[in-house]
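> Can you read through this structure? Questions will come right after.
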Amino acid sequence: MQASFGKNLLGYGLLIYAFGCLTLAVSLSQHLRFSINPEDFHISELLSETRLPEFTAIEQTPERKQAFLELLLPLVEEKNRAVLKNRNLILKMREQLQSGEDLSERQYDLLERLRERYKVSHEVYPDTAKAIEILLLRADMLPSAMVLAQAAIESGWGTSRFAVEAHNLFGQWCYTPGCGLVPEHRPRGARHEVQKFNSVEESLNAYYININTHSAYRELRQLRAHLRDQDGGLTGSELVAALGRYSGRGQDYINELRTVIRVNSLENLDSSSIRVAVNEEPATQD
């Protein structure tokens, strides 16, 4: 009788222990679910590190274009997916506030990081609802056709000095001595350098932030929002209309971008099937 009682007591004890472990596991999983460290959320940055291949070694222009697009297009698509993921989180915040529901602590943490990333300061935009509206103007995708066309022109399809030596595909400048490469024909008294990056992803991340935050491209962001309101579609050929300030060539630069997009059928490309036209772009007048 005592042995039977002891076995029952042991069984009850094991059952209670198992239940306790299950309760602890559920508690921990809930804690982890709702207490994610915002430092683990990378705000749509591409974190891989792709080195630029030797495109100068590819003698035939069509093959060089093909290789360039095969490298860059998947990264642009990945970047856009990450940006849109953040955008959806911002849209959720706006929806909650409009319905009278407050944001969670985790959402506020994320909102602070997004403010910092997209340069939406508390000093200029102290109101949370207004800050979210500004973030929605800035945290948005860029048409891959536009990104590819700019990269092709600014880097010579990956063959320019700045692309080869600095992974700079978009001709971006910096102003701290030693931050990049000094242009050979920099005007006397100018301080700018062509920024140096460690990877294709770094160059792409910086380009997106430049387009999405710099005052020179406010018109582009407004045009993008307008196109979204119209039919939700964004094309590179439409959006490049607001890139006149990217180059001192103004409208000629816009025309060249549209030519590159058209000749290489960039609007129709996706990473599952890249096809490049073999035609050469016609020369443009400066």
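Ordering of the structure tokens sets the chain letters (A, B, ...); residue numbers start at 1 within each chain; ligands are numbered from 1 in the order shown.
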Mind checking which residues fall within 10 Å of stretch 147-153 of chain A, counting only C-alpha atoms, ignoring those fewer than 2 positions away in the same chain, and posting them as a ChimeraX atom specification?
/A:65,68-69,72-73,76,142-145,155-160,163,168-171,204,207-208,236-237,240,243,246,253-254,256-262,264,266-267
> Selected residues, C-alpha atoms, written as a PDB file, in the first residue's frame, please.

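Result written to out25.pdb:
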ATOM      1  CA  LYS A  65      25.105  44.730 -69.017  1.00  0.00           C
ATOM      2  CA  PHE A  68      25.629  44.037 -64.040  1.00  0.00           C
ATOM      3  CA  LEU A  69      21.852  43.629 -63.902  1.00  0.00           C
ATOM      4  CA  LEU A  72      22.194  44.434 -58.843  1.00  0.00           C
ATOM      5  CA  LEU A  73      18.537  43.666 -59.552  1.00  0.00           C
ATOM      6  CA  VAL A  76      17.225  46.189 -55.387  1.00  0.00           C
ATOM      7  CA  LEU A 142      11.958  53.061 -55.519  1.00  0.00           C
ATOM      8  CA  PRO A 143      11.154  51.535 -58.918  1.00  0.00           C
ATOM      9  CA  SER A 144      13.890  49.092 -59.831  1.00  0.00           C
ATOM     10  CA  ALA A 145      14.047  50.518 -63.377  1.00  0.00           C
ATOM     11  CA  SER A 155      28.974  53.808 -62.701  1.00  0.00           C
ATOM     12  CA  GLY A 156      29.371  53.152 -66.425  1.00  0.00           C
ATOM     13  CA  TRP A 157      27.712  49.761 -65.944  1.00  0.00           C
ATOM     14  CA  GLY A 158      30.115  49.035 -63.086  1.00  0.00           C
ATOM     15  CA  THR A 159      33.318  50.038 -64.900  1.00  0.00           C
ATOM     16  CA  SER A 160      34.010  53.571 -63.643  1.00  0.00           C
ATOM     17  CA  ALA A 163      32.698  51.881 -58.925  1.00  0.00           C
ATOM     18  CA  ASN A 168      30.174  53.729 -55.453  1.00  0.00           C
ATOM     19  CA  LEU A 169      27.475  52.982 -58.035  1.00  0.00           C
ATOM     20  CA  PHE A 170      25.507  56.211 -57.747  1.00  0.00           C
ATOM     21  CA  GLY A 171      28.127  58.970 -57.771  1.00  0.00           C
ATOM     22  CA  LEU A 204      22.621  50.908 -52.291  1.00  0.00           C
ATOM     23  CA  TYR A 207      21.477  55.836 -52.190  1.00  0.00           C
ATOM     24  CA  TYR A 208      18.020  54.968 -50.830  1.00  0.00           C
ATOM     25  CA  GLY A 236      10.890  54.388 -63.236  1.00  0.00           C
ATOM     26  CA  SER A 237      10.090  56.376 -66.369  1.00  0.00           C
ATOM     27  CA  VAL A 240      12.796  60.087 -62.986  1.00  0.00           C
ATOM     28  CA  LEU A 243      15.571  63.772 -60.699  1.00  0.00           C
ATOM     29  CA  TYR A 246      20.637  64.780 -59.241  1.00  0.00           C
ATOM     30  CA  TYR A 253      20.046  63.666 -67.464  1.00  0.00           C
ATOM     31  CA  ILE A 254      16.350  62.781 -67.155  1.00  0.00           C
ATOM     32  CA  GLU A 256      19.228  59.806 -70.655  1.00  0.00           C
ATOM     33  CA  LEU A 257      17.694  57.877 -67.760  1.00  0.00           C
ATOM     34  CA  ARG A 258      14.526  57.299 -69.766  1.00  0.00           C
ATOM     35  CA  THR A 259      16.582  56.180 -72.750  1.00  0.00           C
ATOM     36  CA  VAL A 260      18.495  53.641 -70.661  1.00  0.00           C
ATOM     37  CA  ILE A 261      15.228  52.356 -69.204  1.00  0.00           C
ATOM     38  CA  ARG A 262      13.606  52.045 -72.632  1.00  0.00           C
ATOM     39  CA  ASN A 264      17.240  47.957 -71.953  1.00  0.00           C
ATOM     40  CA  LEU A 266      14.242  47.851 -67.489  1.00  0.00           C
ATOM     41  CA  GLU A 267      10.579  48.368 -66.588  1.00  0.00           C
TER      42      GLU A 267
END
> Extract, using only C-alpha atoms, all DNA, RNA and protein residues at most 9 Å from A:Thr176, discarding same-chain residues fewer than 2 positions from it, and format them as number ranges by chain.
A: 174, 178-180, 191-193
> For C-alpha atoms, I'd like the residues from the last selection saved as an mmCIF file, in the first residue's frame.

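Below is the file selection_36.cif, written as the result:
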data_model
loop_
_atom_site.group_PDB
_atom_site.id
_atom_site.type_symbol
_atom_site.label_atom_id
_atom_site.label_comp_id
_atom_site.auth_asym_id
_atom_site.auth_seq_id
_atom_site.Cartn_x
_atom_site.Cartn_y
_atom_site.Cartn_z
ATOM 1 C CA CYS A 174 30.888 63.102 -49.033
ATOM 2 C CA GLY A 178 39.487 61.033 -46.527
ATOM 3 C CA CYS A 179 35.883 59.808 -46.729
ATOM 4 C CA GLY A 180 36.250 58.874 -50.383
ATOM 5 C CA ARG A 191 35.822 69.985 -50.885
ATOM 6 C CA HIS A 192 33.706 67.078 -52.023
ATOM 7 C CA GLU A 193 34.986 63.547 -52.504
#
> List every residue of stretch 170-247 of chain A that DSSP, applied to the backbone of this structure, places in alpha helix (DSSP H), and write the result as a PyMOL selection string.
chain A and resi 200-213+218-230+236-239
> Please save N, CA and C atoms of the selected residues as an mmCIF file, in the first residue's frame.

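What landed in result-v3.cif:
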data_model
loop_
_atom_site.group_PDB
_atom_site.id
_atom_site.type_symbol
_atom_site.label_atom_id
_atom_site.label_comp_id
_atom_site.auth_asym_id
_atom_site.auth_seq_id
_atom_site.Cartn_x
_atom_site.Cartn_y
_atom_site.Cartn_z
ATOM 1 N N VAL A 200 28.557 46.597 -52.391
ATOM 2 C CA VAL A 200 27.435 47.065 -53.213
ATOM 3 C C VAL A 200 26.254 47.433 -52.328
ATOM 4 N N GLU A 201 26.017 46.642 -51.288
ATOM 5 C CA GLU A 201 24.885 46.895 -50.396
ATOM 6 C C GLU A 201 25.021 48.236 -49.676
ATOM 7 N N GLU A 202 26.225 48.568 -49.228
ATOM 8 C CA GLU A 202 26.433 49.855 -48.563
ATOM 9 C C GLU A 202 26.098 51.010 -49.498
ATOM 10 N N SER A 203 26.527 50.901 -50.732
ATOM 11 C CA SER A 203 26.233 51.940 -51.718
ATOM 12 C C SER A 203 24.734 52.051 -51.953
ATOM 13 N N LEU A 204 24.063 50.917 -52.045
ATOM 14 C CA LEU A 204 22.621 50.908 -52.291
ATOM 15 C C LEU A 204 21.859 51.476 -51.096
ATOM 16 N N ASN A 205 22.251 51.096 -49.880
ATOM 17 C CA ASN A 205 21.605 51.637 -48.679
ATOM 18 C C ASN A 205 21.718 53.160 -48.626
ATOM 19 N N ALA A 206 22.919 53.671 -48.903
ATOM 20 C CA ALA A 206 23.142 55.116 -48.847
ATOM 21 C C ALA A 206 22.347 55.837 -49.929
ATOM 22 N N TYR A 207 22.250 55.243 -51.098
ATOM 23 C CA TYR A 207 21.477 55.836 -52.190
ATOM 24 C C TYR A 207 20.001 55.968 -51.808
ATOM 25 N N TYR A 208 19.432 54.928 -51.223
ATOM 26 C CA TYR A 208 18.020 54.968 -50.830
ATOM 27 C C TYR A 208 17.774 56.069 -49.797
ATOM 28 N N ILE A 209 18.666 56.189 -48.828
ATOM 29 C CA ILE A 209 18.496 57.225 -47.819
ATOM 30 C C ILE A 209 18.636 58.609 -48.449
ATOM 31 N N ASN A 210 19.562 58.763 -49.359
ATOM 32 C CA ASN A 210 19.746 60.039 -50.045
ATOM 33 C C ASN A 210 18.463 60.447 -50.780
ATOM 34 N N ILE A 211 17.933 59.557 -51.597
ATOM 35 C CA ILE A 211 16.724 59.860 -52.359
ATOM 36 C C ILE A 211 15.532 60.087 -51.432
ATOM 37 N N ASN A 212 15.462 59.336 -50.355
ATOM 38 C CA ASN A 212 14.276 59.378 -49.491
ATOM 39 C C ASN A 212 14.331 60.422 -48.387
ATOM 40 N N THR A 213 15.448 61.146 -48.252
ATOM 41 C CA THR A 213 15.509 62.136 -47.174
ATOM 42 C C THR A 213 16.022 63.506 -47.609
ATOM 43 N N ARG A 218 12.710 66.197 -52.619
ATOM 44 C CA ARG A 218 11.368 66.319 -52.040
ATOM 45 C C ARG A 218 10.302 66.191 -53.129
ATOM 46 N N GLU A 219 10.572 66.794 -54.285
ATOM 47 C CA GLU A 219 9.611 66.712 -55.388
ATOM 48 C C GLU A 219 9.393 65.264 -55.822
ATOM 49 N N LEU A 220 10.456 64.465 -55.829
ATOM 50 C CA LEU A 220 10.325 63.055 -56.194
ATOM 51 C C LEU A 220 9.430 62.325 -55.206
ATOM 52 N N ARG A 221 9.616 62.594 -53.923
ATOM 53 C CA ARG A 221 8.807 61.908 -52.911
ATOM 54 C C ARG A 221 7.341 62.323 -53.013
ATOM 55 N N GLN A 222 7.117 63.580 -53.326
ATOM 56 C CA GLN A 222 5.735 64.042 -53.503
ATOM 57 C C GLN A 222 5.107 63.431 -54.751
ATOM 58 N N LEU A 223 5.885 63.336 -55.818
ATOM 59 C CA LEU A 223 5.385 62.698 -57.038
ATOM 60 C C LEU A 223 5.077 61.232 -56.780
ATOM 61 N N ARG A 224 5.928 60.559 -56.040
ATOM 62 C CA ARG A 224 5.694 59.151 -55.708
ATOM 63 C C ARG A 224 4.393 58.979 -54.933
ATOM 64 N N ALA A 225 4.170 59.856 -53.954
ATOM 65 C CA ALA A 225 2.927 59.789 -53.176
ATOM 66 C C ALA A 225 1.722 60.058 -54.072
ATOM 67 N N HIS A 226 1.854 61.020 -54.995
ATOM 68 C CA HIS A 226 0.761 61.343 -55.913
ATOM 69 C C HIS A 226 0.434 60.149 -56.804
ATOM 70 N N LEU A 227 1.481 59.497 -57.339
ATOM 71 C CA LEU A 227 1.257 58.334 -58.195
ATOM 72 C C LEU A 227 0.600 57.207 -57.421
ATOM 73 N N ARG A 228 0.971 57.049 -56.171
ATOM 74 C CA ARG A 228 0.328 56.028 -55.329
ATOM 75 C C ARG A 228 -1.153 56.341 -55.151
ATOM 76 N N ASP A 229 -1.469 57.605 -54.930
ATOM 77 C CA ASP A 229 -2.868 57.995 -54.749
ATOM 78 C C ASP A 229 -3.681 57.797 -56.024
ATOM 79 N N GLN A 230 -3.026 57.947 -57.179
ATOM 80 C CA GLN A 230 -3.730 57.827 -58.447
ATOM 81 C C GLN A 230 -4.113 56.378 -58.744
ATOM 82 N N GLY A 236 9.671 53.598 -63.199
ATOM 83 C CA GLY A 236 10.890 54.388 -63.236
ATOM 84 C C GLY A 236 10.798 55.552 -64.201
ATOM 85 N N SER A 237 10.194 55.325 -65.353
ATOM 86 C CA SER A 237 10.090 56.376 -66.369
ATOM 87 C C SER A 237 9.310 57.579 -65.857
ATOM 88 N N GLU A 238 8.305 57.341 -65.022
ATOM 89 C CA GLU A 238 7.536 58.446 -64.450
ATOM 90 C C GLU A 238 8.321 59.156 -63.355
ATOM 91 N N LEU A 239 8.958 58.391 -62.488
ATOM 92 C CA LEU A 239 9.559 58.992 -61.302
ATOM 93 C C LEU A 239 10.846 59.751 -61.616
#
> Check the DSSP output for the backbone and give back, as a compact mmCIF listing (two decimals) with C-alpha atoms, in the first residue's frame, the residues of stretch 30-233 of chain A in strand (DSSP E).

# COMPACT_ATOMS: atom_id res chain seq x y z
CA TRP A 173 29.56 62.64 -52.54
CA CYS A 174 30.89 63.10 -49.03
CA GLY A 180 36.25 58.87 -50.38
CA LEU A 181 38.16 59.39 -53.60
CA GLU A 193 34.99 63.55 -52.50
CA VAL A 194 33.26 60.58 -54.10
CA GLN A 195 32.21 58.46 -51.15
